[in-house]
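Enquirer: I'd like to ask you about the structure that follows.
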Amino acid sequence: MRHSLMIAGLLCATAAAAADRPVLTVYTYDSFVSEWGPGPRIKAGFEGFCGCELRFVSSGDGAALLSRLLLEGESTDADVVLGLDTNLTAAAAESGLFAESGLREVAYDLPVLWDDPIFVPYDWGYFAFVYDKTKTVSVPASFEELAASDLKIVIEDPRSSTPGLGLLLWVKAAYGARASEIWSELADNIVTVTPGWSEAYGLFLKGEADMVLSYTTSPAYHLIAEGDDSKAAAPFSEGHYLQVEVAAKVASSAQRDLADRFLAFVVSPEFQKEIPETNWMYPAVTPPGGLPAGFETLVVPQKVLLFPAGEARKVRDEALAEWQTALSR
Amino acid sequence: MLVLDHLEIAQGAFRLSADLQIESGALTAVIGPSGAGKSTLLAAIAGFVAPVSGRILWEGRDLAGLAPGARPLSILFQEQNLFPHLDLATNLGLGLRADLRLTGHDRMAVSAALERVGLGGMERRRPATLSGGQQSRAALARALLRARPLMLFDEPFAALGPALRAEMLDLVMEIAAETGATVLMVSHDPADALRLAGLCVVVAEGRVLAPQPVAALLADPPAALRGYLVAPKN
Amino acid sequence: MADSTQPLSPALRIGVGLALAAVLALVLGTLAAVLARAKGFGALGPADWAAVRFTVNQAAISAALSIAFAVPVARALARRRFVGRGLLVTALGAPFLLPVIVAVMGLLTIFGRAGTLNGMLGLAGVQPISIYGFGGVVLAHVFLNLPLAVRLLLHGWLAIPAERFRLAASLGFGTGAMLRHLEWPMLRAVVPSAFVAILLICLTSFTVALTLGGGPRATTLELAIYQALRFDFDPGRAATLAVLQLALSALAMLLALKLAVPAAFGAGLDRPVQRWDADGAVPRAADAVALVGATLFLAAPLAAVVVEGSGHVAGLPASVWQAALRSLGVALGSGALALAMALPLSLGAARSRRRGWVEAAGMLPLATSALVVGTGLMLLLRPLTNVTALALPVTAAVNAVMVLPFCLRVMSPAARTIEADYGRLADSLGLAGAARLRILILPRMRPALGFAAGLATAMSMGDLGVIALFAGADNATLPLALYRLMGAYRTADAAGAAMLLLALSLALFWVFDRGGRIDAGS
């Protein structure tokens with residue numbers, strides 16, 4: 001009895017405290033809010049000056065996020081959605097659920113020109129095959145070389161994972177009509193296709209494959225957090241597909257001012273400085289102190305590949321069909 | 001008085017009809033060939049099988065609608081008369097109060113009943129540690145405790161040897177005499193019926209015949225029973 | 001069996017009604033919610049039908065092999081007494097209780113390209129084997145479900161009263177006669193439902209089929225549902241696929257009802273089983289092979305999880321320990337809830353003539369798509385409440401319904417046996433309602449209740465469940481924390497968390513299962 005009274009008291013106190021301050025609800029993917037992601041520090045930083053409560057609601061990955069938002073429609077609780085990428089923004093924009101950011105004149109440090117009125121980029125990275133330098137000596141420099149080699153790779157399924165879809169578009173952007181042929185040649189290199197990045201990377205670290213589809217920034221984690229410089233990303237001569245992760249304001253939000261302030265915070269140094277060593281991606285606006293030591297060792301692609309949002313949406317179904325056919329044989 | 005009033009029982013294709021009366025305090029054997037419906041008759045009286053039509057009356061009261069446990073009777077089955085996970089005192093206590101909220105007086109009554117059937121001091125024993133005869137005695141003791149005016153026995157002693165079975169029948173008669181209970185006992189053996197020295201109802205060919213003295217029946221058995229009665233005699 | 005003249009008590013009726021309502025709300029309600037949002041069913045393409053074929057094939061073969069391997073193992077466990085047998089029975093159950101990703105990683109340590117087995121084969125100069133592809137999917141499913149099959153069959157064996165074995169021994173039954181007259185009728189009664197239970201589990205496979213399947217050939221229905229919802233944003237097609245999944249499962253359940261022949265062994269007097277038929281050299285060797293083989297197959301991947309993880313448990317961050325506490329709470333809550341549903345359902349089924357329907361409804365959760373349930377629940381609950389704040393209770397409730405089929409599998413036969421053996425005696429004594437529950441049912445069901453509680457809590461502990469769709473920043477469960485560690489490159493911590501999860505799941509199972517068996521019925 002006493003316990004339940006205490007709990008009731010606590011609940012009331014929490015509710016009262018929350019009622020004093022407006023709440024900004026941000027839908028994001030799961031790894032963003034985890035203890036090891038940027039979430040906790042971003043929350044503390046924004047709440048430090050906004051006079052509000054920042055509430056993260058997490059939902060799987062970027063595709064899960066969009067799916068949830070589309071299901072909820074205009075009745076969504078989200079004020080801001082953070083974590084879609086350039087492969088999803090066309091569908092997101094088409095839903096009409098998002099409002100223009102109003103942010104102009106931001107000096108982004110992106111490898112591409114950014115002029116989207118709705119989506120605000122907060123980080124970016126290149127997809128790449130990561131390998132262990134101590135085990136793999138002859139490193140392929142292109143998909144064709146990879147396909148010709150005996151190297152075994154683990155990739156993610158484009159239907160259930162963001163990097164998987166990235167790889168699909170990467171091959172399509174690099175090879176166009178020849179994509180199908182490339183996949184056929186790659187088929188005997190592919191050990192397996194996993195549901196998501198975590199499983200694929202786990203398999204790679206277990207030694208199940210020589211290379212794994214990840215990011216050029218992945219080796220930075222091992223170098224900085226573990227002092228291990230054995231991992232590297234293989235530069236491919238076709239170029240590397242770019243992933244830009246974005247945030248956007250929900251049109252039906254009742255907290256539009258707060259949402260605007262949050263988007264401005266997203267591109268500010270305080271947010272951006274947290275990105276490299278929590279999300280292990282490049283910040284969209286390089287903070288004044290520059291990138292952390294170790295990032296300079298990363299591979300920088302010679303050529304950047306990226307379908308414009310609308311085109312990514314159009315080619316993905318065809319690319320998926322090619323992928324399925326080539327790998328099902 | 002137990003009245004089976006134009007009783008019709010059906011179980012699948014099997015049908016049994018009965019229309020008879022049994023006086024209060026009578027000891028009545030129920031005999032008949034295997035599969036004739038002796039157990040079904042008892043199950044109907046006990047409330048496990050609903051009759052298709054007709055009534056079952058005890059002292060003028062219709063038993064229809066009364067759950068088995070609420071009927072003025074105790075029944076002993078061919079087997080499973082005791083819960084194996086409960087000791088004897090608890091098994092007997094259930095006969096007094098199904099929720100086992102026993103008073104000190106109840107517990108003394110349980111011990112006395114065990115004493116009465118020759119199982120004194122065995123309150124804490126579980127059924128598996130008893131012999132077959134002892135298990136039958138324990139079940140009888142519970143019927144004694146329940147002191148319901150009607151006692152139904154569905155061959156509970158069939159598994160016992162002849163001497164032991166005779167002993168149990170004597171015990172049943174003693175208990176019936178002490179409590180004034182009316183007894184209906186299914187038996188395969190006409191010797192059992194003779195030992196009960198009372199009346200006998202024959203179940204055969206889908207019918208339950210009216211009670212008649214055992215000796216008279218054995219002297220001049222009806223056609224339906226003749227083959228059945230002769231066989232066990234040799 | 002049970003008598004139609006004894007109506008179910010009002011309390012039991014209410015219990016059965018509530019449990020069925022919970023199951024139907026979760027299974028069909030969530031599906032209806034998705035369907036309502038989609039405004040109708042969507043059309044299926046040829047790829048979807050290919051997924052159906054693959055799903056059914058792998059599930060049928062996985063289930064058949066799980067049962068086939070389980071028969072000798074369960075028989076050996078049933079007729080042998082040796083030191084550590086109880087411990088072995090518990091430990092062999094572990095794969096079934098594990099989060100799938102942990103099990104897969106453990107399997108890969110042994111059977112993977114860089115695994116122990118291939119290492120040994122390499123030393124012997126033998127070509128390496130590949131776990132990726134159809135064979136690997138089946139191997140993993142057998143690994144995950146063999147323990148369940150063994151336990152279900154072992155229960156069947158132990159349900160044959162000792163008196164029957166004594167009788168058989170007195171008649172001089174050898175292994176063959178024992179099989180024909182006692183064990184075969186038991187298997188006829190137990191195998192169809194065990195097969196279907198495992199078939200249904202494998203029908204909804206996602207992570208195993210995808211990770212080990214090797215590529216898009218190994219597309220399961222659950223992945224097709226993922227694709228429909230996440231890739232194509234076509235909730236109508238997702239709903240159609242979910243209905244198809246339910247229909248396939250219903251078909252399998254009907255088949256099992258038709259094939260299952262109840263074994264009428266009658267009641268014994270709870271005497272401990274003693275066997276006289278298995279003293280020969282051949283039965284001994286067969287049992288030894290079955291037990292050693294199963295132990296190696298099931299324990300080696302678990303040992304890998306322990307070896308890789310135990311060094312990292314002590315260093316786990318505080319948040320992982322908090323997540324472990326939360327998971328314990330979720331597990332105990334959903335265990336209690338699952339038993340509260342399974343008890344009236346199993347008793348109601350035992351005493352009702354419509355038993356098949358009650359049991360089929362109880363099996364429904366096995367046939368559901370986790371993604372559709374989660375998505376539907378979100379649609380249903382969001383207008384009513386803050387789903388993130390309720391993430392833990394919702395997860396506990398969903399887990400309770402999801403483990404209900406396993407609880408019913410265990411408790412239903414026990415309830416049926418009690419009713420068949422002691423129903424009339426209890427009725428004749430007027431033992432009804434709470435007293436019947438307290439004096440007859442709970443004590444006689446205790447081993448089944450303990451086993452069911454162990455299964456329910458351990459599975460709820462290990463299952464990621466719907467928490468991934470609902471969690472906020474600070475209410476992660478241990479499986480979600482494990483995924484988050486993996487997603488944050490923290491492989492060592494993830495190995496430690498996997499080890500912790502394994503230990504906690506097993507401990508929960510052991511405590512309840514053991515508690516149910518301690519001097520039960522002796």
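Within each chain, counting starts at residue 1; across the structure tokens, chains are named A, B, ... in the order shown, with ligands numbered 1 upward in that order.
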When you get a sec, could you note down which chain C residues fall within 7 Å of chain A, using only C-alpha atoms, as JSON, numbers by chain?

Expert: {"C": [112, 113, 114, 132, 207, 210, 211, 212, 213, 214, 215, 216, 217, 226, 227, 229, 230, 231, 233, 388, 468, 469, 470, 471, 472, 473, 484, 486, 487, 488]}

Enquirer: May I have the residues within 12 Å of Glu47 of chain A as number ranges by chain, using only C-alpha atoms and disregarding those fewer than 5 positions away in the same chain?

Expert: A: 21-24, 39-42, 52-55, 258, 261-262, 265

Enquirer: Restricting the output to C-alpha atoms, write the selected residues as a CSV table (one decimal), in the first residue's frame.

Expert:
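Saved file out19.csv follows:
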```
chain,number,residue,atom,x,y,z
A,21,ARG,CA,7.3,22.5,-20.0
A,22,PRO,CA,6.2,21.9,-23.6
A,23,VAL,CA,7.3,18.5,-25.0
A,24,LEU,CA,9.0,18.1,-28.3
A,39,GLY,CA,20.6,10.7,-28.2
A,40,PRO,CA,21.4,11.2,-24.6
A,41,ARG,CA,23.8,14.1,-25.2
A,42,ILE,CA,21.6,15.7,-27.8
A,52,CYS,CA,11.2,22.1,-23.0
A,53,GLU,CA,11.4,18.4,-22.7
A,54,LEU,CA,12.9,16.5,-25.7
A,55,ARG,CA,11.3,13.1,-26.0
A,258,LEU,CA,10.2,24.3,-30.9
A,261,ARG,CA,14.5,25.6,-33.0
A,262,PHE,CA,15.4,21.9,-32.9
A,265,PHE,CA,20.1,23.0,-33.3
```

Enquirer: I'd like the contact shell of Val410 of chain C - 9 Å cut-off, only C-alpha atoms, skipping same-chain residues fewer than 5 positions apart - returned as a ChimeraX atom specification.

Expert: /C:152,155,405,448-449,451-452

Enquirer: Give the answer as one residue: which of B:Ala113, B:Ala158, B:Leu7, B:Ala64 has the shortest atom-to-atom distance to Val52 of chain B, using only C-alpha atoms?

Expert: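 Under the stated criterion, the closest residue is B:Leu7.
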
Enquirer: Mind checking which residues fall within 12 Å of Ala67 of chain B, counting only C-alpha atoms, ignoring those fewer than 3 positions away in the same chain, and posting them as an MDAnalysis selection string?

Expert: (chainID B and resid 44:50 63:64 70:73) or (chainID C and resid 5:9 424 426:432)

Enquirer: Segment 198-236 of chain C: which residues are helix (DSSP H, G or I) by DSSP, as a ChimeraX atom specification?

Expert: /C:198-203,207-213,216-218,221-231,235-236

Enquirer: Would you save the residues from that selection as an mmCIF file, in the first residue's frame, using C-alpha atoms?

Expert:
```cif
data_model
loop_
_atom_site.group_PDB
_atom_site.id
_atom_site.type_symbol
_atom_site.label_atom_id
_atom_site.label_comp_id
_atom_site.auth_asym_id
_atom_site.auth_seq_id
_atom_site.Cartn_x
_atom_site.Cartn_y
_atom_site.Cartn_z
ATOM 1 C CA ILE C 198 7.234 -26.677 -34.404
ATOM 2 C CA LEU C 199 5.905 -26.255 -37.929
ATOM 3 C CA LEU C 200 4.104 -23.083 -36.863
ATOM 4 C CA ILE C 201 7.212 -21.715 -35.153
ATOM 5 C CA CYS C 202 9.228 -22.304 -38.318
ATOM 6 C CA LEU C 203 6.492 -20.838 -40.525
ATOM 7 C CA THR C 207 16.087 -13.941 -38.603
ATOM 8 C CA VAL C 208 17.202 -17.569 -38.976
ATOM 9 C CA ALA C 209 15.902 -18.018 -42.488
ATOM 10 C CA LEU C 210 17.302 -14.681 -43.593
ATOM 11 C CA THR C 211 20.707 -14.817 -41.894
ATOM 12 C CA LEU C 212 21.488 -18.408 -42.817
ATOM 13 C CA GLY C 213 19.397 -18.653 -45.970
ATOM 14 C CA PRO C 216 16.752 -14.038 -51.705
ATOM 15 C CA ARG C 217 15.925 -17.666 -52.506
ATOM 16 C CA ALA C 218 15.402 -18.081 -48.794
ATOM 17 C CA LEU C 221 6.539 -15.135 -45.540
ATOM 18 C CA GLU C 222 7.640 -13.032 -42.592
ATOM 19 C CA LEU C 223 10.271 -11.348 -44.768
ATOM 20 C CA ALA C 224 7.649 -10.762 -47.455
ATOM 21 C CA ILE C 225 5.543 -9.074 -44.773
ATOM 22 C CA TYR C 226 8.542 -6.940 -43.821
ATOM 23 C CA GLN C 227 9.016 -5.995 -47.427
ATOM 24 C CA ALA C 228 5.358 -5.109 -47.846
ATOM 25 C CA LEU C 229 5.324 -2.898 -44.761
ATOM 26 C CA ARG C 230 8.806 -1.412 -44.791
ATOM 27 C CA PHE C 231 9.972 -1.408 -48.373
ATOM 28 C CA PRO C 235 -0.068 -2.566 -45.533
ATOM 29 C CA GLY C 236 -2.804 -4.228 -47.590
#
```

Enquirer: In Å, how far is it from atom CA of Val3 of chain B to atom CA of Gln21 of chain B?

Expert: 4.5 Å

Enquirer: Based on only C-alpha atoms, which of the residues in chain B come within 6 Å of chain C? I want them as JSON, numbers by chain.

Expert: {"B": [68, 69, 84, 85, 98, 99, 128]}

Enquirer: Save out the residues we just selected, N, CA and C atoms, as a PDB file, in the first residue's frame.

Expert:
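Generated file (again.pdb):
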```pdb
ATOM      1  N   PRO B  68     -23.618 -33.904  -8.912  1.00  0.00           N
ATOM      2  CA  PRO B  68     -23.315 -35.183  -8.262  1.00  0.00           C
ATOM      3  C   PRO B  68     -23.001 -35.022  -6.779  1.00  0.00           C
ATOM      4  N   GLY B  69     -22.203 -33.980  -6.469  1.00  0.00           N
ATOM      5  CA  GLY B  69     -21.782 -33.833  -5.085  1.00  0.00           C
ATOM      6  C   GLY B  69     -22.917 -33.415  -4.173  1.00  0.00           C
ATOM      7  N   PRO B  84      -4.348 -39.680  -5.395  1.00  0.00           N
ATOM      8  CA  PRO B  84      -3.045 -40.224  -5.006  1.00  0.00           C
ATOM      9  C   PRO B  84      -2.114 -39.192  -4.378  1.00  0.00           C
ATOM     10  N   HIS B  85      -2.352 -37.896  -4.620  1.00  0.00           N
ATOM     11  CA  HIS B  85      -1.415 -36.907  -4.091  1.00  0.00           C
ATOM     12  C   HIS B  85      -1.796 -36.456  -2.687  1.00  0.00           C
ATOM     13  N   ALA B  98     -15.732 -30.269   1.214  1.00  0.00           N
ATOM     14  CA  ALA B  98     -14.958 -30.271  -0.036  1.00  0.00           C
ATOM     15  C   ALA B  98     -13.888 -29.186  -0.020  1.00  0.00           C
ATOM     16  N   ASP B  99     -14.079 -28.128   0.774  1.00  0.00           N
ATOM     17  CA  ASP B  99     -13.047 -27.077   0.797  1.00  0.00           C
ATOM     18  C   ASP B  99     -12.008 -27.356   1.889  1.00  0.00           C
ATOM     19  N   ALA B 128      -0.717 -44.763  -2.547  1.00  0.00           N
ATOM     20  CA  ALA B 128       0.210 -45.670  -3.230  1.00  0.00           C
ATOM     21  C   ALA B 128       0.939 -46.576  -2.257  1.00  0.00           C
TER      22      ALA B 128
END
```

Enquirer: Set the distance at 7 Å and use only C-alpha atoms: which residues neighbour His240 of chain A once local chain neighbours fewer than 6 positions away are removed? I'd like the list as a PyMOL selection string.

Expert: chain A and resi 126-128+170+301+303-305

Enquirer: Choose the residue, out of C:Leu12, C:Ala476, C:Ala159, C:Ala286, that has the smallest atom-to-atom separation from Pro413 of chain C; count only C-alpha atoms.

Expert: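 Of C:Leu12, C:Ala476, C:Ala159, C:Ala286, the one nearest Pro413 of chain C is C:Ala159, counting only C-alpha atoms.
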
Enquirer: Residues within 9 Å of Ala78 of chain A, please, as a list in words. Count only C-alpha atoms; anything in the same chain fewer than 5 positions from it doesn't count.

Expert: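 The filter keeps Leu24, Thr25, Val26, Tyr27, Val57, Leu69, Lys249, Val250, Ser252 and Ser253 of chain A.
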
Enquirer: Got time to write the residues from that selection, N, CA and C atoms, as a PDB file, in the first residue's frame?

Expert:
```pdb
ATOM      1  N   LEU A  24       8.712  18.288 -26.915  1.00  0.00           N
ATOM      2  CA  LEU A  24       8.989  18.102 -28.338  1.00  0.00           C
ATOM      3  C   LEU A  24       9.253  16.615 -28.570  1.00  0.00           C
ATOM      4  N   THR A  25       8.393  15.987 -29.390  1.00  0.00           N
ATOM      5  CA  THR A  25       8.539  14.550 -29.636  1.00  0.00           C
ATOM      6  C   THR A  25       9.292  14.319 -30.939  1.00  0.00           C
ATOM      7  N   VAL A  26      10.393  13.591 -30.825  1.00  0.00           N
ATOM      8  CA  VAL A  26      11.228  13.316 -32.003  1.00  0.00           C
ATOM      9  C   VAL A  26      11.227  11.809 -32.257  1.00  0.00           C
ATOM     10  N   TYR A  27      10.714  11.421 -33.397  1.00  0.00           N
ATOM     11  CA  TYR A  27      10.806  10.009 -33.806  1.00  0.00           C
ATOM     12  C   TYR A  27      12.162   9.794 -34.441  1.00  0.00           C
ATOM     13  N   VAL A  57      11.315   9.005 -29.402  1.00  0.00           N
ATOM     14  CA  VAL A  57      10.556   7.763 -29.567  1.00  0.00           C
ATOM     15  C   VAL A  57      11.268   6.979 -30.660  1.00  0.00           C
ATOM     16  N   LEU A  69       5.488   6.363 -39.527  1.00  0.00           N
ATOM     17  CA  LEU A  69       4.919   7.685 -39.742  1.00  0.00           C
ATOM     18  C   LEU A  69       3.789   7.646 -40.765  1.00  0.00           C
ATOM     19  N   LYS A 249      10.579  18.417 -40.121  1.00  0.00           N
ATOM     20  CA  LYS A 249       9.510  18.874 -39.246  1.00  0.00           C
ATOM     21  C   LYS A 249       8.200  18.295 -39.754  1.00  0.00           C
ATOM     22  N   VAL A 250       7.369  17.805 -38.820  1.00  0.00           N
ATOM     23  CA  VAL A 250       6.076  17.246 -39.201  1.00  0.00           C
ATOM     24  C   VAL A 250       5.057  18.376 -39.339  1.00  0.00           C
ATOM     25  N   SER A 252       1.879  18.545 -39.183  1.00  0.00           N
ATOM     26  CA  SER A 252       0.748  18.626 -38.260  1.00  0.00           C
ATOM     27  C   SER A 252       1.184  18.931 -36.827  1.00  0.00           C
ATOM     28  N   SER A 253       2.468  19.173 -36.608  1.00  0.00           N
ATOM     29  CA  SER A 253       2.974  19.389 -35.253  1.00  0.00           C
ATOM     30  C   SER A 253       2.340  20.612 -34.596  1.00  0.00           C
TER      31      SER A 253
END
```

Enquirer: Between atom CA of Gly135 of chain C and atom CA of Pro192 of chain C, what is the spacing in Å?

Expert: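 Distance between the two atoms: 23.4 Å.
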